[in-house]
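The next block is my_file_37.pdb, given as PDB, C-alpha atoms.
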ATOM      1  CA  MET S 662       0.589  12.863  12.355
ATOM      2  CA  LYS S 663       2.045   9.991  14.363
ATOM      3  CA  VAL S 664       5.019   8.177  12.834
ATOM      4  CA  MET S 665       5.590   4.622  14.059
ATOM      5  CA  ILE S 666       8.996   3.177  13.131
ATOM      6  CA  THR S 667       9.655  -0.564  13.145
ATOM      7  CA  ALA S 668      12.961  -2.214  12.296
ATOM      8  CA  LYS S 669      13.636  -5.754  11.046
ATOM      9  CA  ASN S 670      17.143  -7.240  11.100
ATOM     10  CA  TYR S 671      18.397  -3.730  11.673
ATOM     11  CA  LYS S 672      18.982  -1.224  14.473
ATOM     12  CA  PRO S 673      18.331   2.242  12.997
ATOM     13  CA  SER S 674      20.410   5.062  14.407
ATOM     14  CA  GLU S 675      18.797   7.847  16.378
ATOM     15  CA  ARG S 676      19.684  10.219  13.524
ATOM     16  CA  LEU S 677      17.837   8.000  11.026
ATOM     17  CA  GLN S 678      14.771   7.792  13.273
ATOM     18  CA  GLU S 679      14.699  11.576  13.675
ATOM     19  CA  ASN S 680      15.112  12.025   9.928
ATOM     20  CA  ILE S 681      12.237   9.605   9.200
ATOM     21  CA  GLU S 682       9.951  11.416  11.659
ATOM     22  CA  LYS S 683      10.913  14.815  10.237
ATOM     23  CA  LYS S 684      10.387  13.850   6.582
ATOM     24  CA  PHE S 685       7.113  11.986   7.108
ATOM     25  CA  SER S 686       5.666  14.638   9.418
ATOM     26  CA  LYS S 687       5.921  17.068   6.472
ATOM     27  CA  LEU S 688       3.157  14.993   4.875
ATOM     28  CA  GLY S 689       1.110  15.697   7.997
ATOM     29  CA  LYS S 690      -0.148  18.966   6.485
ATOM     30  CA  TYR S 691      -2.367  16.847   4.237
ATOM     31  CA  PHE S 692      -4.115  15.142   7.177
ATOM     32  CA  ASP S 693      -5.605  15.798  10.590
ATOM     33  CA  GLU S 694      -3.686  14.634  13.652
ATOM     34  CA  ASP S 695      -5.527  11.268  13.905
ATOM     35  CA  VAL S 696      -3.484   9.841  11.023
ATOM     36  CA  THR S 697      -0.767   7.265  11.696
ATOM     37  CA  THR S 698       2.151   6.467   9.416
ATOM     38  CA  ASN S 699       3.828   3.090   9.822
ATOM     39  CA  VAL S 700       7.400   2.952   8.553
ATOM     40  CA  ILE S 701       9.259  -0.371   8.413
ATOM     41  CA  VAL S 702      13.024  -0.389   7.879
ATOM     42  CA  SER S 703      14.471  -3.790   6.937
ATOM     43  CA  LYS S 704      18.043  -4.753   6.233
ATOM     44  CA  PHE S 705      19.000  -7.726   4.089
ATOM     45  CA  LYS S 706      22.361  -8.425   2.511
ATOM     46  CA  ASP S 707      23.715  -5.051   1.366
ATOM     47  CA  LYS S 708      20.315  -3.439   0.723
ATOM     48  CA  THR S 709      17.835  -1.571   2.884
ATOM     49  CA  LYS S 710      14.090  -1.821   2.349
ATOM     50  CA  LEU S 711      11.834   0.986   3.491
ATOM     51  CA  GLU S 712       8.048   0.558   3.574
ATOM     52  CA  ALA S 713       5.574   3.285   4.518
ATOM     53  CA  THR S 714       1.819   3.060   5.021
ATOM     54  CA  ILE S 715      -0.382   6.027   5.866
ATOM     55  CA  ASN S 716      -3.710   4.966   7.380
ATOM     56  CA  THR S 717      -6.542   7.461   7.237
ATOM     57  CA  LYS S 718     -10.111   6.686   8.204
ATOM     58  CA  GLN S 719     -11.170   5.748   4.672
ATOM     59  CA  THR S 720      -8.021   5.761   2.560
ATOM     60  CA  LEU S 721      -4.701   3.972   2.554
ATOM     61  CA  PHE S 722      -1.492   5.274   0.972
ATOM     62  CA  ARG S 723       1.457   2.875   0.656
ATOM     63  CA  ALA S 724       4.923   2.855  -0.908
ATOM     64  CA  GLU S 725       8.062   0.765  -0.610
ATOM     65  CA  GLU S 726      11.594   1.100  -1.901
ATOM     66  CA  ILE S 727      14.751  -1.029  -1.827
ATOM     67  CA  SER S 728      18.050   0.814  -2.057
ATOM     68  CA  ASP S 729      21.693   0.850  -1.034
ATOM     69  CA  ASN S 730      21.048   4.137   0.764
ATOM     70  CA  VAL S 731      18.176   4.361   3.261
ATOM     71  CA  TYR S 732      18.016   8.175   2.957
ATOM     72  CA  GLU S 733      17.646   7.916  -0.815
ATOM     73  CA  ALA S 734      14.888   5.326  -0.354
ATOM     74  CA  MET S 735      13.119   7.645   2.096
ATOM     75  CA  ASP S 736      13.158  10.559  -0.372
ATOM     76  CA  LEU S 737      11.771   8.305  -3.127
ATOM     77  CA  ILE S 738       8.965   7.097  -0.857
ATOM     78  CA  ILE S 739       8.025  10.652   0.190
ATOM     79  CA  ASP S 740       7.891  11.621  -3.495
ATOM     80  CA  ARG S 741       5.810   8.557  -4.358
ATOM     81  CA  LEU S 742       3.302   9.160  -1.531
ATOM     82  CA  SER S 743       2.970  12.844  -2.487
ATOM     83  CA  SER S 744       2.450  11.803  -6.089
ATOM     84  CA  GLN S 745      -0.284   9.341  -5.071
ATOM     85  CA  MET S 746      -2.072  12.074  -3.142
ATOM     86  CA  LYS S 747      -1.833  14.495  -6.075
ATOM     87  CA  LYS S 748      -2.908  11.919  -8.629
ATOM     88  CA  PHE S 749      -6.024  10.823  -6.774
ATOM     89  CA  LYS S 750      -6.953  14.143  -5.130
ATOM     90  CA  GLY S 751      -9.986  14.791  -7.327
ATOM     91  CA  LYS S 752     -11.317  11.270  -7.059
ATOM     92  CA  LEU S 753     -10.838  11.157  -3.288
ATOM     93  CA  GLU S 754     -12.404  14.587  -2.873
ATOM     94  CA  ALA S 755     -15.499  13.535  -4.828
ATOM     95  CA  ARG S 756     -15.795  10.247  -2.967
ATOM     96  CA  TYR S 757     -15.151  11.520   0.577
ATOM     97  CA  LYS S 758     -16.690  14.997   0.638
ATOM     98  CA  GLU S 759     -17.358  14.758   4.358
ATOM     99  CA  ASN S 760     -13.992  13.160   5.208
ATOM    100  CA  LYS S 761     -12.252  15.542   7.572
ATOM    101  CA  ALA S 762      -9.128  13.358   7.765
ATOM    102  CA  LEU S 763      -7.859  14.608   4.402
ATOM    103  CA  LYS S 764      -7.146  18.313   3.923
ATOM    104  CA  PHE S 765      -7.677  18.546   0.178
ATOM    105  CA  GLU S 766      -6.880  22.247  -0.074
ATOM    106  CA  PHE S 767      -3.226  21.524   0.779
ATOM    107  CA  ILE S 768      -2.768  18.749  -1.767
ATOM    108  CA  PRO S 769      -1.417  20.239  -4.999
ATOM    109  CA  GLU S 770      -3.345  19.709  -8.213
ATOM    110  CA  ASP S 771      -2.119  17.057 -10.619
ATOM    111  CA  GLU S 772      -1.331  18.474 -14.038
ATOM    112  CA  GLU S 773      -2.300  15.271 -15.794
ATOM    113  CA  GLU S 774      -5.757  14.031 -14.905
ATOM    114  CA  GLU S 775      -5.707  10.273 -15.373
ATOM    115  CA  ASN S 776      -8.905   8.691 -16.596
ATOM    116  CA  LEU S 777      -9.499   5.358 -14.884
ATOM    117  CA  THR S 778     -11.407   3.191 -17.322
ATOM    118  CA  VAL S 779     -12.084  -0.520 -17.420
ATOM    119  CA  VAL S 780     -10.858  -1.883 -20.752
ATOM    120  CA  LYS S 781     -11.729  -5.526 -20.201
ATOM    121  CA  ARG S 782     -14.340  -7.290 -18.154
ATOM    122  CA  LYS S 783     -14.478 -10.967 -17.197
ATOM    123  CA  GLN S 784     -17.037 -13.057 -15.400
ATOM    124  CA  PHE S 785     -16.485 -16.504 -14.000
ATOM    125  CA  GLU S 786     -18.082 -18.824 -11.507
ATOM    126  CA  LEU S 787     -16.230 -19.069  -8.212
ATOM    127  CA  GLN S 788     -15.368 -22.659  -7.417
ATOM    128  CA  PRO S 789     -15.091 -23.669  -3.744
ATOM    129  CA  MET S 790     -11.480 -24.575  -2.885
ATOM    130  CA  ASN S 791      -8.762 -23.949  -0.315
ATOM    131  CA  TYR S 792      -5.811 -21.605  -0.766
ATOM    132  CA  GLU S 793      -3.431 -24.395  -1.862
ATOM    133  CA  GLU S 794      -5.743 -25.299  -4.750
ATOM    134  CA  ALA S 795      -6.110 -21.602  -5.614
ATOM    135  CA  ILE S 796      -2.328 -21.180  -5.806
ATOM    136  CA  LEU S 797      -2.123 -24.247  -8.049
ATOM    137  CA  GLN S 798      -4.839 -22.826 -10.333
ATOM    138  CA  MET S 799      -3.074 -19.456 -10.456
ATOM    139  CA  GLU S 800       0.226 -21.107 -11.399
ATOM    140  CA  MET S 801      -1.421 -23.257 -14.068
ATOM    141  CA  LEU S 802      -3.029 -20.158 -15.610
ATOM    142  CA  GLY S 803       0.218 -18.180 -15.412
ATOM    143  CA  HIS S 804      -1.471 -15.291 -13.577
ATOM    144  CA  ASN S 805      -0.170 -13.083 -10.748
ATOM    145  CA  PHE S 806      -3.367 -13.411  -8.712
ATOM    146  CA  PHE S 807      -6.405 -15.660  -8.446
ATOM    147  CA  VAL S 808      -9.864 -14.983  -6.965
ATOM    148  CA  TYR S 809     -11.606 -17.972  -5.374
ATOM    149  CA  PHE S 810     -14.346 -18.978  -2.922
ATOM    150  CA  ASP S 811     -12.717 -20.400   0.217
ATOM    151  CA  MET S 812     -14.605 -23.512   1.271
ATOM    152  CA  ASP S 813     -13.365 -23.301   4.878
ATOM    153  CA  THR S 814     -14.235 -19.663   5.622
ATOM    154  CA  GLU S 815     -17.065 -19.406   3.049
ATOM    155  CA  SER S 816     -15.715 -16.096   1.767
ATOM    156  CA  THR S 817     -14.261 -14.739  -1.454
ATOM    157  CA  ASN S 818     -10.463 -14.518  -1.176
ATOM    158  CA  VAL S 819      -7.499 -13.668  -3.376
ATOM    159  CA  VAL S 820      -4.107 -15.368  -3.600
ATOM    160  CA  TYR S 821      -1.279 -13.490  -5.292
ATOM    161  CA  LYS S 822       2.400 -13.776  -6.136
ATOM    162  CA  ARG S 823       4.829 -11.731  -4.090
ATOM    163  CA  LYS S 824       8.406 -10.858  -4.952
ATOM    164  CA  GLY S 825      10.592 -13.924  -4.889
ATOM    165  CA  ASP S 826       8.905 -17.289  -4.616
ATOM    166  CA  ALA S 827       6.354 -16.279  -2.001
ATOM    167  CA  TYR S 828       2.569 -15.974  -2.086
ATOM    168  CA  GLY S 829       0.111 -13.670  -0.384
ATOM    169  CA  LEU S 830      -3.484 -14.241   0.694
ATOM    170  CA  ILE S 831      -6.169 -11.570   0.970
ATOM    171  CA  GLU S 832      -9.096 -12.767   3.061
ATOM    172  CA  THR S 833     -12.422 -10.955   2.991
ATOM    173  CA  TYR S 834     -15.091 -10.722   5.676
ATOM    174  CA  ARG S 835     -18.244  -8.751   6.441
TER     175      ARG S 835
END
As structure tokens, how would this structure be written, given the file I've shared?
Amino acid sequence: MKVMITAKNYKPSERLQENIEKKFSKLGKYFDEDVTTNVIVSKFKDKTKLEATINTKQTLFRAEEISDNVYEAMDLIIDRLSSQMKKFKGKLEARYKENKALKFEFIPEDEEEENLTVVKRKQFELQPMNYEEAILQMEMLGHNFFVYFDMDTESTNVVYKRKGDAYGLIETYR
């Protein structure tokens, strides 16, 4: 497993970098060596934000944590990523039987099998608009996200609220 460390507004010590590589490489037993983990360490005010994304060929695992202590945040992220792998082991195994990137035999079984069921279904006609109009619609509806047909790119996109007063845009393509 390759661990790529990026820092924003922060110069991580060599000790911290070694610790990040050591902790995240322990998750490497779940994957083949082609897997890359991207870790972003950001500093703002008196807090440290740690984000980790593990990219496999067909699956993405992601966690983030904000804390006063970067080492505490790292332990919480490792726990969260391990928990994600445990929780979805059965579903991933069934879906990607031929996926050699994930070593399912090393992922521990989850005691509580969660049943993913759809409890509500909605259908609506996608109206052509740009992302500014989509954000306005989302705000007027009081939702955290909004699906729309982008008239410029002629694709189905999603706008969503991020922490703070920011917005995100997910653009689709084929």
- Translate the PyMOL selection byres ((chain S and resi 833) around 7), as applied to the file shown, into an explicit residue set as a PyMOL selection string. chain S and resi 816-818+831-832+834
For S:Asn805, work out the shell of residues within 12 Å, counting all atoms listed in the file and skipping chain neighbours fewer than 3 positions away, then give it as an mmCIF file with C-alpha atoms, in the frame of the given file.
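New file out-v4.cif:
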data_model
loop_
_atom_site.group_PDB
_atom_site.id
_atom_site.type_symbol
_atom_site.label_atom_id
_atom_site.label_comp_id
_atom_site.auth_asym_id
_atom_site.auth_seq_id
_atom_site.Cartn_x
_atom_site.Cartn_y
_atom_site.Cartn_z
ATOM 1 C CA ALA S 795 -6.110 -21.602 -5.614
ATOM 2 C CA ILE S 796 -2.328 -21.180 -5.806
ATOM 3 C CA LEU S 797 -2.123 -24.247 -8.049
ATOM 4 C CA GLN S 798 -4.839 -22.826 -10.333
ATOM 5 C CA MET S 799 -3.074 -19.456 -10.456
ATOM 6 C CA GLU S 800 0.226 -21.107 -11.399
ATOM 7 C CA MET S 801 -1.421 -23.257 -14.068
ATOM 8 C CA LEU S 802 -3.029 -20.158 -15.610
ATOM 9 C CA VAL S 808 -9.864 -14.983 -6.965
ATOM 10 C CA VAL S 819 -7.499 -13.668 -3.376
ATOM 11 C CA VAL S 820 -4.107 -15.368 -3.600
ATOM 12 C CA TYR S 821 -1.279 -13.490 -5.292
ATOM 13 C CA LYS S 822 2.400 -13.776 -6.136
ATOM 14 C CA ARG S 823 4.829 -11.731 -4.090
ATOM 15 C CA LYS S 824 8.406 -10.858 -4.952
ATOM 16 C CA ASP S 826 8.905 -17.289 -4.616
ATOM 17 C CA ALA S 827 6.354 -16.279 -2.001
ATOM 18 C CA TYR S 828 2.569 -15.974 -2.086
ATOM 19 C CA GLY S 829 0.111 -13.670 -0.384
ATOM 20 C CA LEU S 830 -3.484 -14.241 0.694
#
- Task: With the file shown as input, list the residues that the PyMOL selection byres ((chain S and resi 696) around 6) selects, as a PyMOL selection string.
- Result: chain S and resi 662+694-695+697+717
- Message: Quick check, in Å to one decimal: how far apart do atom CA of S:Asn699 and atom CA of S:Glu712 lie?
- Response: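 So the answer is 8.0 Å.
One finds atom CA of S:Ile738 at 19.1 Å from atom CA of S:Tyr671.
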Output, as lines of an AutoDock Vina configuration file, the centre and edge lengths in Å (one decimal) of the axis-aligned box that contains all listed atoms of stretch 678-686 of chain S with 5 Å of margin on each side.
center_x = 10.4
center_y = 11.3
center_z = 10.1
size_x = 19.4
size_y = 17.0
size_z = 17.1
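Interatomic distance, atom CA of S:Gly689 to atom CA of S:Lys710: 22.5 Å.
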- Which protein, DNA or RNA residues are at most 12 Å from (-14.6, -24.3, -5.5) in the file's coordinates when you count only C-alpha atoms, listed as a VMD selection string? chain S and resid 785 to 795 798 808 to 813 815 to 818
- Close residues, S:Val702 itself excluded, 7 Å, only C-alpha atoms, min 2 positions apart in chain, as a list in words: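 The contact residues come out as Thr667, Ala668, Lys669, Val700, Lys704, Lys710, Leu711 and Glu712 of chain S.
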- Query: Hey, which of S:Phe807, S:Phe705, S:Phe685, S:Tyr691 ends up closest to S:Asp740? Count only C-alpha atoms.
  - Reply: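 Distance minimum relative to S:Asp740 lands on S:Phe685.
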- Task: Evaluate the PyMOL selection byres ((chain S and resi 713) around 12) on the structure here and hand back the selected residues as a ChimeraX atom specification.
- Result: /S:664-667,681-682,684-685,688,697-703,710-712,714-716,721-727,734-742
